[in-house]
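For reference, coords.cif is printed below; it contains mmCIF, N, CA and C atoms.
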data_structure
#
loop_
_atom_site.label_atom_id
_atom_site.label_comp_id
_atom_site.auth_asym_id
_atom_site.auth_seq_id
_atom_site.Cartn_x
_atom_site.Cartn_y
_atom_site.Cartn_z
N MET Y 71 104.15 75.38 87.16
CA MET Y 71 103.13 76.30 86.67
C MET Y 71 103.81 77.57 86.15
N PRO Y 72 103.38 78.11 85.01
CA PRO Y 72 104.03 79.29 84.46
C PRO Y 72 103.77 80.54 85.30
N LYS Y 73 104.62 81.55 85.07
CA LYS Y 73 104.46 82.80 85.79
C LYS Y 73 103.19 83.51 85.34
N MET Y 74 102.66 84.32 86.24
CA MET Y 74 101.49 85.13 85.92
C MET Y 74 101.97 86.38 85.18
N LYS Y 75 101.46 86.63 84.00
CA LYS Y 75 101.88 87.78 83.22
C LYS Y 75 100.93 88.95 83.43
N THR Y 76 101.51 90.15 83.38
CA THR Y 76 100.71 91.37 83.43
C THR Y 76 100.02 91.56 82.09
N HIS Y 77 98.77 91.96 82.11
CA HIS Y 77 98.04 92.21 80.88
C HIS Y 77 98.64 93.44 80.21
N SER Y 78 99.17 93.27 79.00
CA SER Y 78 99.96 94.32 78.36
C SER Y 78 99.18 95.60 78.12
N SER Y 79 97.92 95.52 77.77
CA SER Y 79 97.17 96.74 77.47
C SER Y 79 96.85 97.53 78.73
N LEU Y 80 96.94 96.90 79.89
CA LEU Y 80 96.61 97.60 81.13
C LEU Y 80 97.82 98.31 81.74
N LYS Y 81 99.02 97.99 81.26
CA LYS Y 81 100.22 98.56 81.87
C LYS Y 81 100.24 100.08 81.79
N ASP Y 82 99.84 100.64 80.66
CA ASP Y 82 99.89 102.08 80.48
C ASP Y 82 98.58 102.77 80.84
N ARG Y 83 97.54 102.02 81.07
CA ARG Y 83 96.23 102.63 81.35
C ARG Y 83 95.97 102.84 82.82
N PHE Y 84 96.66 102.10 83.66
CA PHE Y 84 96.44 102.19 85.11
C PHE Y 84 97.77 102.27 85.82
N LYS Y 85 97.77 102.94 86.98
CA LYS Y 85 98.95 103.00 87.84
C LYS Y 85 98.51 102.60 89.25
N ILE Y 86 99.38 101.88 89.94
CA ILE Y 86 99.09 101.48 91.31
C ILE Y 86 99.85 102.41 92.24
N THR Y 87 99.15 102.98 93.22
CA THR Y 87 99.77 103.90 94.17
C THR Y 87 100.54 103.10 95.21
N GLY Y 88 101.26 103.81 96.06
CA GLY Y 88 102.03 103.15 97.10
C GLY Y 88 101.17 102.43 98.11
N THR Y 89 99.93 102.89 98.29
CA THR Y 89 99.04 102.24 99.25
C THR Y 89 98.20 101.15 98.61
N GLY Y 90 98.40 100.89 97.31
CA GLY Y 90 97.70 99.80 96.65
C GLY Y 90 96.44 100.21 95.91
N LYS Y 91 96.13 101.50 95.89
CA LYS Y 91 94.97 101.95 95.13
C LYS Y 91 95.33 102.01 93.65
N VAL Y 92 94.32 101.94 92.80
CA VAL Y 92 94.55 101.95 91.36
C VAL Y 92 94.04 103.27 90.80
N LYS Y 93 94.93 104.00 90.09
CA LYS Y 93 94.55 105.26 89.46
C LYS Y 93 94.35 105.02 87.98
N ARG Y 94 93.39 105.74 87.40
CA ARG Y 94 93.09 105.60 85.98
C ARG Y 94 93.19 106.97 85.32
N TYR Y 95 93.19 106.97 84.00
CA TYR Y 95 93.21 108.20 83.23
C TYR Y 95 91.81 108.48 82.68
N LYS Y 96 91.56 109.73 82.37
CA LYS Y 96 90.26 110.11 81.83
C LYS Y 96 90.30 110.19 80.31
N ALA Y 97 89.16 109.99 79.71
CA ALA Y 97 89.04 110.09 78.26
C ALA Y 97 88.91 111.56 77.85
N TYR Y 98 88.96 111.81 76.54
CA TYR Y 98 88.75 113.14 75.94
C TYR Y 98 89.88 114.11 76.22
N LYS Y 99 91.10 113.64 76.48
CA LYS Y 99 92.21 114.54 76.77
C LYS Y 99 93.35 114.37 75.77
N ASN Y 100 93.11 113.72 74.63
CA ASN Y 100 94.20 113.43 73.71
C ASN Y 100 94.30 114.37 72.52
N HIS Y 101 93.19 114.76 71.93
CA HIS Y 101 93.27 115.61 70.75
C HIS Y 101 92.05 116.52 70.71
N LEU Y 102 92.05 117.45 69.77
CA LEU Y 102 91.00 118.47 69.65
C LEU Y 102 90.87 119.29 70.93
N LEU Y 103 92.00 119.62 71.53
CA LEU Y 103 91.97 120.32 72.82
C LEU Y 103 91.71 121.82 72.66
N SER Y 104 91.90 122.35 71.46
CA SER Y 104 91.70 123.79 71.28
C SER Y 104 90.23 124.17 71.41
N GLY Y 105 89.33 123.26 71.18
CA GLY Y 105 87.91 123.55 71.29
C GLY Y 105 87.34 123.34 72.67
N LYS Y 106 88.17 122.87 73.60
CA LYS Y 106 87.71 122.61 74.97
C LYS Y 106 88.13 123.76 75.87
N SER Y 107 87.32 124.04 76.86
CA SER Y 107 87.61 125.14 77.76
C SER Y 107 88.77 124.76 78.69
N GLY Y 108 89.36 125.78 79.27
CA GLY Y 108 90.45 125.53 80.20
C GLY Y 108 89.99 124.75 81.41
N ARG Y 109 88.78 125.04 81.87
CA ARG Y 109 88.25 124.32 83.02
C ARG Y 109 88.07 122.84 82.71
N GLN Y 110 87.56 122.53 81.52
CA GLN Y 110 87.36 121.14 81.14
C GLN Y 110 88.68 120.40 81.06
N LYS Y 111 89.70 121.04 80.49
CA LYS Y 111 91.02 120.40 80.39
C LYS Y 111 91.64 120.21 81.76
N ARG Y 112 91.42 121.17 82.65
CA ARG Y 112 91.95 121.07 84.00
C ARG Y 112 91.30 119.91 84.76
N VAL Y 113 90.00 119.76 84.61
CA VAL Y 113 89.30 118.66 85.27
C VAL Y 113 89.72 117.32 84.69
N LEU Y 114 89.93 117.26 83.38
CA LEU Y 114 90.35 116.01 82.74
C LEU Y 114 91.78 115.62 83.11
N ALA Y 115 92.57 116.58 83.58
CA ALA Y 115 93.97 116.29 83.90
C ALA Y 115 94.11 115.48 85.17
N THR Y 116 93.08 115.47 86.02
CA THR Y 116 93.19 114.72 87.27
C THR Y 116 93.05 113.23 87.00
N ASN Y 117 93.67 112.43 87.83
CA ASN Y 117 93.62 110.98 87.70
C ASN Y 117 92.85 110.39 88.87
N PRO Y 118 91.57 110.05 88.68
CA PRO Y 118 90.78 109.56 89.80
C PRO Y 118 91.17 108.14 90.20
N VAL Y 119 90.84 107.80 91.43
CA VAL Y 119 91.09 106.46 91.95
C VAL Y 119 89.92 105.57 91.54
N MET Y 120 90.22 104.36 91.13
CA MET Y 120 89.19 103.43 90.70
C MET Y 120 88.29 103.04 91.88
N ALA Y 121 87.05 102.71 91.57
CA ALA Y 121 86.12 102.25 92.58
C ALA Y 121 86.55 100.89 93.10
N PRO Y 122 86.30 100.59 94.37
CA PRO Y 122 86.75 99.32 94.94
C PRO Y 122 86.23 98.09 94.21
N GLY Y 123 85.03 98.15 93.70
CA GLY Y 123 84.49 97.00 92.98
C GLY Y 123 85.23 96.72 91.69
N ASP Y 124 85.72 97.77 91.04
CA ASP Y 124 86.48 97.58 89.81
C ASP Y 124 87.91 97.16 90.08
N VAL Y 125 88.44 97.56 91.23
CA VAL Y 125 89.82 97.23 91.57
C VAL Y 125 89.98 95.72 91.71
N ASN Y 126 88.99 95.08 92.28
CA ASN Y 126 89.08 93.63 92.47
C ASN Y 126 89.24 92.91 91.14
N ARG Y 127 88.60 93.42 90.09
CA ARG Y 127 88.74 92.81 88.77
C ARG Y 127 90.14 93.01 88.21
N LEU Y 128 90.73 94.17 88.48
CA LEU Y 128 92.01 94.53 87.86
C LEU Y 128 93.22 93.99 88.61
N LYS Y 129 93.09 93.70 89.89
CA LYS Y 129 94.25 93.32 90.69
C LYS Y 129 94.98 92.11 90.11
N GLN Y 130 94.26 91.14 89.65
CA GLN Y 130 94.90 89.94 89.12
C GLN Y 130 95.67 90.25 87.83
N GLN Y 131 95.11 91.11 86.97
CA GLN Y 131 95.76 91.44 85.72
C GLN Y 131 96.96 92.38 85.93
N LEU Y 132 96.92 93.16 87.00
CA LEU Y 132 97.99 94.13 87.28
C LEU Y 132 98.94 93.60 88.34
N ALA Y 133 99.00 92.30 88.53
CA ALA Y 133 99.72 91.72 89.66
C ALA Y 133 101.19 92.08 89.70
N ASN Y 134 101.85 92.22 88.55
CA ASN Y 134 103.30 92.41 88.54
C ASN Y 134 103.73 93.87 88.44
N ILE Y 135 102.79 94.81 88.45
CA ILE Y 135 103.12 96.22 88.34
C ILE Y 135 103.34 96.79 89.73
N LYS Y 136 104.45 97.48 89.91
CA LYS Y 136 104.75 98.13 91.18
C LYS Y 136 104.25 99.56 91.16
N GLY Y 137 104.00 100.15 92.30
CA GLY Y 137 103.48 101.50 92.41
C GLY Y 137 104.38 102.58 92.05
#
Show the structure stored in the file as structure tokens.
Amino acid sequence: MPKMKTHSSLKDRFKITGTGKVKRYKAYKNHLLSGKSGRQKRVLATNPVMAPGDVNRLKQQLANIKG
């Protein structure tokens, strides 16, 4: 049976922490930042942890990524 491959588009979009949680990035932080307030940019800079229900979907696709 062939090896399980990591989904290429997910490699840069998600990170797995040392405890196995999945962190994601927020939208609206790439361009047109001069029109956004400092508070909005600060809030967008945080990387929230994915909800447990969504993690189950991603675990198989992110199988080969280390934390």
Axis-aligned box for all listed atoms of range 116-134 of chain Y, 8 Å per side, centre and edges in Å to one decimal, as AutoDock Vina command-line options:
--center_x 94.1 --center_y 102.7 --center_z 90.3 --size_x 35.2 --size_y 41.5 --size_z 25.2
Please provide as an MDAnalysis selection string all residues within 7 Å of Leu114 in chain Y, with the sequence filter that same-chain residues fewer than 2 positions apart are discarded (counting all atoms listed in the file). chainID Y and resid 96:99 109:112 116:117
Please produce an output containing N, CA and C atoms for each residue in the selection, written as an mmCIF file, in the frame of the given file.
data_model
loop_
_atom_site.group_PDB
_atom_site.id
_atom_site.type_symbol
_atom_site.label_atom_id
_atom_site.label_comp_id
_atom_site.auth_asym_id
_atom_site.auth_seq_id
_atom_site.Cartn_x
_atom_site.Cartn_y
_atom_site.Cartn_z
ATOM 1 N N LYS Y 96 91.560 109.730 82.370
ATOM 2 C CA LYS Y 96 90.260 110.110 81.830
ATOM 3 C C LYS Y 96 90.300 110.190 80.310
ATOM 4 N N ALA Y 97 89.160 109.990 79.710
ATOM 5 C CA ALA Y 97 89.040 110.090 78.260
ATOM 6 C C ALA Y 97 88.910 111.560 77.850
ATOM 7 N N TYR Y 98 88.960 111.810 76.540
ATOM 8 C CA TYR Y 98 88.750 113.140 75.940
ATOM 9 C C TYR Y 98 89.880 114.110 76.220
ATOM 10 N N LYS Y 99 91.100 113.640 76.480
ATOM 11 C CA LYS Y 99 92.210 114.540 76.770
ATOM 12 C C LYS Y 99 93.350 114.370 75.770
ATOM 13 N N ARG Y 109 88.780 125.040 81.870
ATOM 14 C CA ARG Y 109 88.250 124.320 83.020
ATOM 15 C C ARG Y 109 88.070 122.840 82.710
ATOM 16 N N GLN Y 110 87.560 122.530 81.520
ATOM 17 C CA GLN Y 110 87.360 121.140 81.140
ATOM 18 C C GLN Y 110 88.680 120.400 81.060
ATOM 19 N N LYS Y 111 89.700 121.040 80.490
ATOM 20 C CA LYS Y 111 91.020 120.400 80.390
ATOM 21 C C LYS Y 111 91.640 120.210 81.760
ATOM 22 N N ARG Y 112 91.420 121.170 82.650
ATOM 23 C CA ARG Y 112 91.950 121.070 84.000
ATOM 24 C C ARG Y 112 91.300 119.910 84.760
ATOM 25 N N THR Y 116 93.080 115.470 86.020
ATOM 26 C CA THR Y 116 93.190 114.720 87.270
ATOM 27 C C THR Y 116 93.050 113.230 87.000
ATOM 28 N N ASN Y 117 93.670 112.430 87.830
ATOM 29 C CA ASN Y 117 93.620 110.980 87.700
ATOM 30 C C ASN Y 117 92.850 110.390 88.870
#
Please provide as a PDB file with N, CA and C atoms, keeping the file's coordinate frame all residues within 8 Å of range 71-80 of chain Y, with the sequence filter that same-chain residues fewer than 3 positions apart are discarded (counting only C-alpha atoms).
ATOM      1  N   ARG Y  83      97.540 102.020  81.070  1.00  0.00           N
ATOM      2  CA  ARG Y  83      96.230 102.630  81.350  1.00  0.00           C
ATOM      3  C   ARG Y  83      95.970 102.840  82.820  1.00  0.00           C
ATOM      4  N   PHE Y  84      96.660 102.100  83.660  1.00  0.00           N
ATOM      5  CA  PHE Y  84      96.440 102.190  85.110  1.00  0.00           C
ATOM      6  C   PHE Y  84      97.770 102.270  85.820  1.00  0.00           C
ATOM      7  N   GLN Y 131      95.110  91.110  86.970  1.00  0.00           N
ATOM      8  CA  GLN Y 131      95.760  91.440  85.720  1.00  0.00           C
ATOM      9  C   GLN Y 131      96.960  92.380  85.930  1.00  0.00           C
ATOM     10  N   LEU Y 132      96.920  93.160  87.000  1.00  0.00           N
ATOM     11  CA  LEU Y 132      97.990  94.130  87.280  1.00  0.00           C
ATOM     12  C   LEU Y 132      98.940  93.600  88.340  1.00  0.00           C
ATOM     13  N   ALA Y 133      99.000  92.300  88.530  1.00  0.00           N
ATOM     14  CA  ALA Y 133      99.720  91.720  89.660  1.00  0.00           C
ATOM     15  C   ALA Y 133     101.190  92.080  89.700  1.00  0.00           C
ATOM     16  N   ASN Y 134     101.850  92.220  88.550  1.00  0.00           N
ATOM     17  CA  ASN Y 134     103.300  92.410  88.540  1.00  0.00           C
ATOM     18  C   ASN Y 134     103.730  93.870  88.440  1.00  0.00           C
ATOM     19  N   ILE Y 135     102.790  94.810  88.450  1.00  0.00           N
ATOM     20  CA  ILE Y 135     103.120  96.220  88.340  1.00  0.00           C
ATOM     21  C   ILE Y 135     103.340  96.790  89.730  1.00  0.00           C
TER      22      ILE Y 135
END
By how many Å are CA of His101 in chain Y and atom N of Asp82 in chain Y apart?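 Separating CA of His101 in chain Y from atom N of Asp82 in chain Y is a distance of 19.1 Å.
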How far is it from atom N of Val113 in chain Y to atom C of Lys129 in chain Y, in Å with one decimal? 28.6 Å
Coordinates-based distance that separates CA of Gln130 in chain Y from CA of Asn100 in chain Y (Å, one decimal): 28.1 Å
Which of range 83-121 of chain Y fall in strand (DSSP E or B), as a PyMOL selection string: chain Y and resi 84-86+92-94+119
DSSP-assigned helix (DSSP H, G or I) members of chain Y, reported as a PDB file with N, CA and C atoms, keeping the file's coordinate frame:
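Once everything was written out, this is part17.pdb:
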ATOM      1  N   SER Y  78      99.170  93.270  79.000  1.00  0.00           N
ATOM      2  CA  SER Y  78      99.960  94.320  78.360  1.00  0.00           C
ATOM      3  C   SER Y  78      99.180  95.600  78.120  1.00  0.00           C
ATOM      4  N   SER Y  79      97.920  95.520  77.770  1.00  0.00           N
ATOM      5  CA  SER Y  79      97.170  96.740  77.470  1.00  0.00           C
ATOM      6  C   SER Y  79      96.850  97.530  78.730  1.00  0.00           C
ATOM      7  N   LEU Y  80      96.940  96.900  79.890  1.00  0.00           N
ATOM      8  CA  LEU Y  80      96.610  97.600  81.130  1.00  0.00           C
ATOM      9  C   LEU Y  80      97.820  98.310  81.740  1.00  0.00           C
ATOM     10  N   LEU Y 103      92.000 119.620  71.530  1.00  0.00           N
ATOM     11  CA  LEU Y 103      91.970 120.320  72.820  1.00  0.00           C
ATOM     12  C   LEU Y 103      91.710 121.820  72.660  1.00  0.00           C
ATOM     13  N   SER Y 104      91.900 122.350  71.460  1.00  0.00           N
ATOM     14  CA  SER Y 104      91.700 123.790  71.280  1.00  0.00           C
ATOM     15  C   SER Y 104      90.230 124.170  71.410  1.00  0.00           C
ATOM     16  N   GLY Y 105      89.330 123.260  71.180  1.00  0.00           N
ATOM     17  CA  GLY Y 105      87.910 123.550  71.290  1.00  0.00           C
ATOM     18  C   GLY Y 105      87.340 123.340  72.670  1.00  0.00           C
ATOM     19  N   GLY Y 108      89.360 125.780  79.270  1.00  0.00           N
ATOM     20  CA  GLY Y 108      90.450 125.530  80.200  1.00  0.00           C
ATOM     21  C   GLY Y 108      89.990 124.750  81.410  1.00  0.00           C
ATOM     22  N   ARG Y 109      88.780 125.040  81.870  1.00  0.00           N
ATOM     23  CA  ARG Y 109      88.250 124.320  83.020  1.00  0.00           C
ATOM     24  C   ARG Y 109      88.070 122.840  82.710  1.00  0.00           C
ATOM     25  N   GLN Y 110      87.560 122.530  81.520  1.00  0.00           N
ATOM     26  CA  GLN Y 110      87.360 121.140  81.140  1.00  0.00           C
ATOM     27  C   GLN Y 110      88.680 120.400  81.060  1.00  0.00           C
ATOM     28  N   LYS Y 111      89.700 121.040  80.490  1.00  0.00           N
ATOM     29  CA  LYS Y 111      91.020 120.400  80.390  1.00  0.00           C
ATOM     30  C   LYS Y 111      91.640 120.210  81.760  1.00  0.00           C
ATOM     31  N   ARG Y 112      91.420 121.170  82.650  1.00  0.00           N
ATOM     32  CA  ARG Y 112      91.950 121.070  84.000  1.00  0.00           C
ATOM     33  C   ARG Y 112      91.300 119.910  84.760  1.00  0.00           C
ATOM     34  N   VAL Y 113      90.000 119.760  84.610  1.00  0.00           N
ATOM     35  CA  VAL Y 113      89.300 118.660  85.270  1.00  0.00           C
ATOM     36  C   VAL Y 113      89.720 117.320  84.690  1.00  0.00           C
ATOM     37  N   LEU Y 114      89.930 117.260  83.380  1.00  0.00           N
ATOM     38  CA  LEU Y 114      90.350 116.010  82.740  1.00  0.00           C
ATOM     39  C   LEU Y 114      91.780 115.620  83.110  1.00  0.00           C
ATOM     40  N   PRO Y 122      86.300 100.590  94.370  1.00  0.00           N
ATOM     41  CA  PRO Y 122      86.750  99.320  94.940  1.00  0.00           C
ATOM     42  C   PRO Y 122      86.230  98.090  94.210  1.00  0.00           C
ATOM     43  N   GLY Y 123      85.030  98.150  93.700  1.00  0.00           N
ATOM     44  CA  GLY Y 123      84.490  97.000  92.980  1.00  0.00           C
ATOM     45  C   GLY Y 123      85.230  96.720  91.690  1.00  0.00           C
ATOM     46  N   ASP Y 124      85.720  97.770  91.040  1.00  0.00           N
ATOM     47  CA  ASP Y 124      86.480  97.580  89.810  1.00  0.00           C
ATOM     48  C   ASP Y 124      87.910  97.160  90.080  1.00  0.00           C
ATOM     49  N   VAL Y 125      88.440  97.560  91.230  1.00  0.00           N
ATOM     50  CA  VAL Y 125      89.820  97.230  91.570  1.00  0.00           C
ATOM     51  C   VAL Y 125      89.980  95.720  91.710  1.00  0.00           C
ATOM     52  N   ASN Y 126      88.990  95.080  92.280  1.00  0.00           N
ATOM     53  CA  ASN Y 126      89.080  93.630  92.470  1.00  0.00           C
ATOM     54  C   ASN Y 126      89.240  92.910  91.140  1.00  0.00           C
ATOM     55  N   ARG Y 127      88.600  93.420  90.090  1.00  0.00           N
ATOM     56  CA  ARG Y 127      88.740  92.810  88.770  1.00  0.00           C
ATOM     57  C   ARG Y 127      90.140  93.010  88.210  1.00  0.00           C
ATOM     58  N   LEU Y 128      90.730  94.170  88.480  1.00  0.00           N
ATOM     59  CA  LEU Y 128      92.010  94.530  87.860  1.00  0.00           C
ATOM     60  C   LEU Y 128      93.220  93.990  88.610  1.00  0.00           C
ATOM     61  N   LYS Y 129      93.090  93.700  89.890  1.00  0.00           N
ATOM     62  CA  LYS Y 129      94.250  93.320  90.690  1.00  0.00           C
ATOM     63  C   LYS Y 129      94.980  92.110  90.110  1.00  0.00           C
TER      64      LYS Y 129
END
Given only C-alpha atoms as the counted atoms, nearest of Y:Lys81, Y:Val92, Y:Leu103, Y:Gly108 to Asp124 in chain Y: Y:Val92
List the spatial neighbours of Pro122 in chain Y as number ranges by chain - criterion: any atom at most 12 Å away, only C-alpha atoms, same-chain residues fewer than 2 positions off excluded. Y: 90-93, 119-120, 124-129
